[in-house]
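K.L.:
The structure is given below, and queries will be raised subsequently.
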Amino acid sequence: MNRPEPITAPRAVEVQDGLPNPQRLLAFLTLAMAISMAVLDGTIVTVALPTMARQFAVAPENAIWIVNAFQLAVTVSLLPLAALGDILGYRRVYWWGLALFTVASLACALAPTFAVLTFARVVQGLGAAGVMSVNIALIRFIYPHARLGQGVGNIAVVVAVCSAGSPSVAAAILSVASWHWLFLINVPIGVVALILAARTLPATPRAAGRLDLLSVLLNALTFGLVIAGVNRIGQGGSPWPALIQIAVGVVIGMALVWRQLKLPAPLLPVDLLRRPVFALSLATSIASFGAQALAIVSLPFYFEDRLGHSASTSGLLLTPWPLATALIAPIAGRLADRFIPGLLGSIGLLVMGGGLVLVALGIGDSTPLSLAWRLAICGLGFGFFQSPNNRVIIGSAPRERSGGAAGLQSSGRLIGQSFGTALVAVALGQAPRHATEIALWGAAALTLAGAITSGLRRAN
């Protein structure tokens with residue numbers, strides 16, 4: 001196997017405008033394989049949690065850490081690994097991240113105890129972050145600039161479909177195998193992706209500088225405390241410990257930002273956030289993924305608790321959303337190369353918001369079939385927004401700052417999903433009979449606010 005060259009001092013790399021085919025196709029294929037596994041493994045084990053809790057003899061609330069350990073590891077390490085991508089090269093960070101993810105997947109499948117499994121999930125999350133942190137940055141060097149929207153649209157399909165389709169994938173695997181195969185299936189796919197990556201991914205320029213370890217620590221504390229605090233609110237009980245935890249995380253976050261202002265190569269790319277088009281695009285992305293999580297997480301409770309469907313049927317009923325996204329995202333990506341992405345993004349969010357309003361209005365007396373076409377409208381709008389918006393995020397940053405832009409884009413997705421999920425938990429705790437309706441109207445409001453924000457962007 002051809003492995004990436006040894007780490008050396010930063011050197012100039014001759015950068016061409018994209019890769020020729022078939023290298024471009026193979027390079028995209030390795031990205032798609034890795035990002036599929038990384039996104040799926042964030043939630044795919046949720047369906048098997050009751051079985052895993054019984055096997056390891058742990059309480060259900062403790063078994064949740066099989067999911068939380070992975071998600072927290074990804075969230076706190078995305079920006080540091082994106083910064084490493086700028087310094088060491090995106091191909092190197094991607095390759096070693098994928099290697100770590102593959103080995104950790106095998107360790108998860110063979111874990112003899114709950115503690116070992118949880119630790120392996122942390123390591124797996126670190127590997128997944130290596131893939132997520134630079135995948136969009138690599139797209140910028142795989143596709144020619146004139147087809148950047150197409151490349152971003154293609155990867156948006158993978159992320160969107162895997163985000164919404166993980167319950168169905170898990171159900172399919174568990175119908176023929178034990179939960180261990182939720183992890184074992186990553187091993188052969190990871191090996192193939194590693195071979196393809198070593199042979200096809202392009203070398204990229206490296207920025208001067210080194211990783212600031214204090215910034216890494218402040219980043220981990222900020223995201224760890226805030227995300228954990230938000231999740232704690234949804235668990236019930238007194239909200240004060242969670243609010244204090246979030247407040248401490250915010251204070252540490254302010255210290256993180258203050259330190260970044262003094263660094264020539266900041267871990268948190270505050271230089272990119274000073275660009276209005278970049279900041280507005282990131283804020284809009286967080287809003288869209290927050291709205292998606294509000295709908296996707298809350299609807300299964302309606303399907304199962306009020307309509308009496310099984311978990312597998314609920315997953316099937318949600319399929320119109322990711323299916324519509326998969327159909328429209330590549331088209332939106334191509335349009336983003338020709339028309340104003342900000343305008344396309346606003347149209348997409350307006351369609352998504354309109355679909356959410358239709359779902360909310362029909363939630364009380366609609367049949368599953370009538371909800372399906374409404375969910376398809378949501379998916380169409382979501383896919384039509386994501387590709388142009390991601391193109392703006394990555395295209396508005398200098399090429400040498402592509403890693404920082406990609407890290408923020410992935411962080412924005414995770415932050416939106418985490419907050420959306422936490423808000424659903426709060427709604428379930430405070431108003432269980434109307435939680436789905438509350439979540440859907442909240443998602444519609446968040447989406448329409450995002451459409452206004454998207455429209456404020458200048459042409460890019």
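Labels used: A, B, ... for chains in the order of the structure tokens, numbers from 1 for residues in each chain, and numbers from 1 for ligands as shown.
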Tell me which protein, DNA and RNA residues are within 10 Å of Leu323 of chain A, counting only C-alpha atoms, leaving out same-chain ones fewer than 5 positions away, and put them as a PyMOL selection string.

P.N.:
chain A and resi 157+160-161+164-165+318+328+375-376+379-380+383

K.L.:
With only C-alpha atoms as the atoms that count, which of A:Leu110, A:Arg374, A:Ser77, A:Ile189 lies nearest to Gly354 of chain A?

P.N.:
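Smallest distance to Gly354 of chain A is found for A:Arg374.
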
K.L.:
Using only C-alpha atoms, which of A:Pro144, A:Gly249, A:Gly442, A:Pro330 sits nearest Pro20 of chain A?

P.N.:
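Among the listed residues, A:Pro144 lies closest to Pro20 of chain A.
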
K.L.:
Given the choices A:Arg206, A:Arg54, A:His180, A:Arg121, which gets closest to Arg92 of chain A if the distance is worked out from only C-alpha atoms?

P.N.:
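Closest residue, counting only C-alpha atoms: A:Arg206.
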
K.L.:
Between A:Gly18, A:Gly429, A:Pro368, A:Gly407, which has the minimum distance to Leu307 of chain A (counting only C-alpha atoms)?

P.N.:
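Smallest distance to Leu307 of chain A is found for A:Pro368.
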